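A.B. asks: Dropping the structure in here first, questions after.
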Amino acid sequence: MGAALWALLLHASTAGAAPDGAIRIGSKSFTESYILAEVVAQLVEQVGEARAERRVGLGGTGVTYRALESGAIDVYPEYTGTLSHVILKDPELVTTDAIRPRVEAQGLTISAPLGFNNTYALAVRGDTAQRLGLRTIGDLARHPELTAAFSSGFLEREDGWPGLKRHYGLSLARVGVLEHALQYRALASGDVDVMDVFSTDGQLERLRLRLLEDDRRFFPDYSAVLLVRREIVERFPRTWARLREGLEGRIDARRMAQLNAMADLDGKRVAEVAAAFLGADSPEGHGGRAVVAELYALTKDHLVLVLVSLAAAIALGLPMGVVAARYRRAGQLELSVIAMLQTIPALALLMFMIPVFGIGKGPALVALSLYALLPIARGTYAGMIAIDRQLLEIASVLGLGRLRRLLRVDLPLASISIMAGIKTAAVMTVGTATLAAFIGGGGYGSLIVRGLALDDTATILAGAAAAAAMALGFHALFELLDRLTIPRGLRR
Amino acid sequence: MIALRGVTKRFGDAVALDRASIDVIAGTTHVLLGSSGSGKSTVLRLILGLATPDEGTVLVDGTVVDASTRAGLVKRMGYVVQDGGLYPHLTAYENVALGAEGQRWPRARIDARVAELAVMAGLDRALLDRYPRELSGGERQRVGLMRALMLDPPILLLDEPLGALDPIVRAELQGQLGRLFAALGKTVVLVTHDIREAALLGHTITLMTAGRIVQQGTFADLVERPATPFVAQFIHAQTLAPSASVGH
């Protein structure tokens, strides 16, 4: 048991380091980012110069960029607008040539634009566009009788409708706010004429919508690029050359929208979509073997997360419970602090780890350990203070030393309560560990994150069901462990 | 050997022990007799250093019992409580051996001592592997006594050791305890509410009520020269009432 635990700890501690000969590909957690990352991964595999390691679905810009900066990932798809506005905080930087020297100062570099610009855009039905001769946003000024439904963000943001209206001098008869999914229906049914979209939205193609050209360049440019660590460019020059050749200028907005539609609307797996783009057979096949392999890897990940954080929480929580029971006043303070940790939503706690520990398994383990602390410390404390006072007095009369008394008397007598705390912590951690995927910690949560991004209920359920099954497994395991750790004389 | 000098012990507003002075002569059995709440158990706890006096001093072998001397002094004492006070997670054997393990006795020496004590306490050796809940009340009490005697302490403190037993087992054990105390020559302080137990086992009896000592002396002193009407009443209630009813 001890040796196995150490092996796991060792595994977890090395999981964060860059393995030789691997390129770790990250993505944010939305469809387009997943697809582009998978295209990169498949190209890396085609070249064969390096292994492709997928660390996709990391969340928003903050997490993903930090991951790249800290070396947890080597490359991910980013947008020029995000680079200039969010990351470099200099809106004057518009072109990739302007941005490149700035990111090179950080040990990174970017590719040329991949071809499409994923920005806000206005869309109208194809037949409306034809009937009224609409081609650009400016053309709307000639048709104030048109009505629009905008998403609430677009309606309020200065870089959305208010700014756009002024920039083009527009006024529309009726402007309403609608949930994004409902906007399409309203537009298709003819209730409204204009809506805001992202220019690579998969629905555009299917609903035969026409994007109005932003000819007076109001919306910032969000051209897709690859953001990559320079050492990767230097270490794997053939791979980098192949990535540039295969991607730079190769994907226009329409093509990207089609790819998004394949994943979002046709339910194709990201690997298939990427393979379709590359004109290759789906590399890992559609077969069961890939699914089994992935599930095996995720199970291993998840087990490491749970076992290591649980071991750490026991190593920390048990002594804390003992101390709290011995020094009651200090103990109350200690337990309150741990309880406060517990009130932090698990996801927020994971996010707090990022500035300190970066992303990946390490910070996830720290957060999960902190989270598992309370039930274990509380269980130990409750078990210790519930021990019959007379039995403790007899121990003192028997002249037992502190350590012997703790090991032979106190802990065994408190064992039922301690084990109950550990059991609660274990089952809880199996569930909470699914959140680790949001900061790149892997595990079953990867399925849930991916399922959420692709709006794929089956994948979400697969992740949730796997976690539930593991929780059941842990419960059964601990029922067995009870027999080993709770003395026979105490069992009922 | 054991002495209380004007000891008062309060728990909040309640006075558990009021200016009590007791002398326990080495090698004798001293019984603290009284009904519950009389303060007799508090005397034992003070001797064991489990409670500290608010006034007065407790001396064991001439040394004042306090925080600094307590650890050394309890090594000279064995403590037996009602129903044995056994650890439920340890077998009878492990309960008895615990103190010797703390002293790092070799296993063979522990085995030999436990076997010897089993004979002394009249416990079937087959019962040593059982857990307390698998033993009868009388058996648990014998194990508790063995545990107290394990390191052969010169002082034995017993708090209602037979209180939880049915009358037949109780009478049997009372006889055995008497023979054992005489054979071992220990200094014994025994707390009981049972006057027959006091008469049978006590060289000296201290009768207590409501935290105060009412009379100290032999059983004959208490019967023949009761210090107060309460003493006569207490003795009468337990000894004469049954025989009086038989007489009618």
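A note on labels: chains of the structure tokens are A, B, ... as shown, every chain counts residues from 1, and ligands are counted from 1 in their shown order.
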From a DSSP calculation on the backbone, collect every residue of stretch 40-246 of chain B in strand (DSSP E) and output the set as number ranges by chain.

C.D. replies: B: 55-60, 63-64, 77-81, 155-159, 187-192, 204-209, 212-217

A.B. asks: Using only C-alpha atoms, determine which residues lie at most 9 Å from B:Leu127, disregarding the query and same-chain residues fewer than 6 positions distant; provide the list as a PyMOL selection string.

C.D. replies: chain B and resi 92-93+134-135+139

A.B. asks: Go ahead and write the selection's residues with N, CA and C atoms as a PDB file, in the first residue's frame.

C.D. replies:
ATOM      1  N   ALA B  92      -8.549  -8.973  26.104  1.00  0.00           N
ATOM      2  CA  ALA B  92      -8.260  -9.002  27.532  1.00  0.00           C
ATOM      3  C   ALA B  92      -6.748  -9.010  27.747  1.00  0.00           C
ATOM      4  N   TYR B  93      -6.063  -9.855  26.987  1.00  0.00           N
ATOM      5  CA  TYR B  93      -4.605  -9.941  27.109  1.00  0.00           C
ATOM      6  C   TYR B  93      -3.960  -8.579  26.838  1.00  0.00           C
ATOM      7  N   GLU B 134     -17.095  -9.511  24.857  1.00  0.00           N
ATOM      8  CA  GLU B 134     -17.340 -10.946  24.803  1.00  0.00           C
ATOM      9  C   GLU B 134     -17.182 -11.608  26.178  1.00  0.00           C
ATOM     10  N   LEU B 135     -16.941 -10.771  27.211  1.00  0.00           N
ATOM     11  CA  LEU B 135     -16.740 -11.295  28.568  1.00  0.00           C
ATOM     12  C   LEU B 135     -17.928 -10.938  29.453  1.00  0.00           C
ATOM     13  N   GLU B 139     -15.922 -11.356  34.714  1.00  0.00           N
ATOM     14  CA  GLU B 139     -14.665 -11.592  33.982  1.00  0.00           C
ATOM     15  C   GLU B 139     -13.977 -10.278  33.630  1.00  0.00           C
TER      16      GLU B 139
END

A.B. asks: Leaving out B:Leu86 and any residue of its chain fewer than 3 positions from it, which residues lie within 12 Å of it when counting only C-alpha atoms, given as JSON, numbers by chain?

C.D. replies: {"A": [388, 390, 391, 392, 393, 394, 395, 409, 413, 489], "B": [79, 80, 81, 82, 83, 89, 90, 91, 92, 93, 94, 95, 96, 97, 98, 130, 131, 132, 133, 134, 135, 137, 139, 140, 141, 142, 143, 144, 145, 146, 147, 148]}

A.B. asks: Please provide as number ranges by chain all residues within 7 Å of A:Ala22, with the sequence filter that same-chain residues fewer than 6 positions apart are discarded (counting only C-alpha atoms).

C.D. replies: A: 50-53

A.B. asks: Could you tell me how far atom CA of A:Asn117 lies from atom CA of A:Ser223, in Å and to one decimal?

C.D. replies: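 Straight-line distance from atom CA of A:Asn117 to atom CA of A:Ser223 works out to 4.1 Å.
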
A.B. asks: For chain A, report every residue with an atom at most 6 Å from chain B (counting only C-alpha atoms), formatted as a PyMOL selection string.

C.D. replies: chain A and resi 397-398+400+487+489-490

A.B. asks: Which residues are near B:Glu172? Cut-off 12 Å, only C-alpha atoms, ignore same chain within fewer than 3 positions. Put them as a list in words.

C.D. replies: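 Counting only the stated atoms, we get Ala121, Gly122, Gly138, Arg142, Leu162, Leu165, Asp166, Pro167, Ile168, Val169, Gly175, Gln176, Leu177, Gly178, Arg179, Glu197 and Leu200 of chain B.
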
A.B. asks: Kindly indicate which residue among A:Gly153, A:Gly133, A:Leu243, A:Arg217 lies nearest to A:Tyr168, using only C-alpha atoms for the distances.

C.D. replies: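 For A:Tyr168, the nearest of the given residues is A:Arg217.
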
A.B. asks: Can you list, as a ChimeraX atom specification, every protein, DNA or RNA residue that comes within 6 Å of stretch 441-458 of chain A when you count only C-alpha atoms, leaving out same-chain residues fewer than 6 positions away?

C.D. replies: /A:29-31,264,298,301-302,360-361,364,434-435

A.B. asks: Go ahead and write the residues just picked, N, CA and C atoms, as an mmCIF file, in the first residue's frame.

C.D. replies:
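Contents of result05.cif, as written:
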data_model
loop_
_atom_site.group_PDB
_atom_site.id
_atom_site.type_symbol
_atom_site.label_atom_id
_atom_site.label_comp_id
_atom_site.auth_asym_id
_atom_site.auth_seq_id
_atom_site.Cartn_x
_atom_site.Cartn_y
_atom_site.Cartn_z
ATOM 1 N N SER A 29 -11.693 26.228 -24.093
ATOM 2 C CA SER A 29 -12.780 25.259 -24.093
ATOM 3 C C SER A 29 -13.971 25.743 -24.909
ATOM 4 N N PHE A 30 -13.768 25.899 -26.223
ATOM 5 C CA PHE A 30 -14.918 26.032 -27.114
ATOM 6 C C PHE A 30 -14.574 25.328 -28.422
ATOM 7 N N THR A 31 -15.610 24.988 -29.164
ATOM 8 C CA THR A 31 -15.473 24.077 -30.293
ATOM 9 C C THR A 31 -14.316 24.427 -31.225
ATOM 10 N N ASP A 264 -20.514 20.868 -34.009
ATOM 11 C CA ASP A 264 -21.635 21.339 -33.186
ATOM 12 C C ASP A 264 -22.965 20.766 -33.638
ATOM 13 N N LEU A 298 -7.857 8.486 -18.782
ATOM 14 C CA LEU A 298 -8.564 9.410 -17.897
ATOM 15 C C LEU A 298 -8.761 8.794 -16.515
ATOM 16 N N ASP A 301 -5.547 9.106 -14.684
ATOM 17 C CA ASP A 301 -5.447 10.513 -14.266
ATOM 18 C C ASP A 301 -6.277 10.777 -13.023
ATOM 19 N N HIS A 302 -7.527 10.333 -13.114
ATOM 20 C CA HIS A 302 -8.487 10.645 -12.059
ATOM 21 C C HIS A 302 -8.081 9.964 -10.751
ATOM 22 N N GLY A 360 -2.480 22.618 -14.344
ATOM 23 C CA GLY A 360 -2.112 21.215 -14.464
ATOM 24 C C GLY A 360 -2.442 20.444 -13.201
ATOM 25 N N LYS A 361 -1.776 19.291 -13.047
ATOM 26 C CA LYS A 361 -2.092 18.397 -11.930
ATOM 27 C C LYS A 361 -1.704 18.988 -10.588
ATOM 28 N N ALA A 364 -4.151 21.384 -9.059
ATOM 29 C CA ALA A 364 -5.391 20.642 -8.813
ATOM 30 C C ALA A 364 -5.246 19.797 -7.554
ATOM 31 N N THR A 434 -13.450 16.122 -10.821
ATOM 32 C CA THR A 434 -13.869 16.371 -12.206
ATOM 33 C C THR A 434 -13.643 17.835 -12.574
ATOM 34 N N LEU A 435 -13.588 18.708 -11.553
ATOM 35 C CA LEU A 435 -13.384 20.130 -11.835
ATOM 36 C C LEU A 435 -11.928 20.435 -12.184
#

A.B. asks: Within 7 Å of stretch 170-184 of chain A, counting only C-alpha atoms, which residues show up once you throw out same-chain ones fewer than 5 positions away? Write them as JSON, numbers by chain, please.

C.D. replies: {"A": [140, 141, 144, 145, 146, 147, 148, 149, 150, 151, 152, 165, 195]}

A.B. asks: Return the single residue from B:Thr28, B:Arg5, B:Pro106, B:Gln216 that is closest to B:Ala182, with distances computed using only C-alpha atoms.

C.D. replies: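 Counting only C-alpha atoms, the residue closest to B:Ala182 is B:Thr28.
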
A.B. asks: Taking only C-alpha atoms into account, which of B:Gly217, B:Gly202, B:Pro153, B:Pro161 comes nearest B:Gly84?

C.D. replies: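 Checking each of B:Gly217, B:Gly202, B:Pro153, B:Pro161 against B:Gly84, counting only C-alpha atoms, the winner is B:Pro161.
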
A.B. asks: Select, from B:Leu44, B:Val214, B:Ala237, B:Ala112, the residue with the minimum atom-to-atom distance to B:Glu160, counting only C-alpha atoms.

C.D. replies: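 Closest to B:Glu160 of all the choices is B:Leu44.
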
A.B. asks: Against stretch 199-204 of chain A, which residues of stretch 216-274 of chain A fall within 9 Å? For each one I want the closest pair of atoms and the distance in Å (one decimal), counting only C-alpha atoms, rows by chain and increasing residue number, as CSV.

C.D. replies:
residue,atom,partner,partner_atom,distance
A:Asp252,CA,A:Thr200,CA,8.9
A:Ala253,CA,A:Thr200,CA,5.4
A:Arg254,CA,A:Thr200,CA,6.7
A:Arg255,CA,A:Thr200,CA,8.2
A:Met256,CA,A:Thr200,CA,5.8
A:Ala257,CA,A:Thr200,CA,4.3
A:Gln258,CA,A:Gly202,CA,5.9
A:Leu259,CA,A:Gly202,CA,7.2
A:Asn260,CA,A:Gly202,CA,4.8
A:Ala261,CA,A:Gly202,CA,3.9
A:Met262,CA,A:Gly202,CA,7.7
A:Ala263,CA,A:Gly202,CA,8.5
A:Asp264,CA,A:Gly202,CA,7.0
A:Leu265,CA,A:Gly202,CA,7.5

A.B. asks: Per DSSP on the backbone, filter stretch 101-233 of chain A down to the residues in helix (DSSP H, G or I) and report them as a PyMOL selection string.

C.D. replies: chain A and resi 101-104+126-132+137-142+152-156+161-168+180-188+202-206+230-233

A.B. asks: Measure the distance from atom CA of A:Ala464 to atom CA of A:Ala437 in Å and round it to one decimal.

C.D. replies: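 Pair atom CA of A:Ala464 / atom CA of A:Ala437 returns 12.7 Å.
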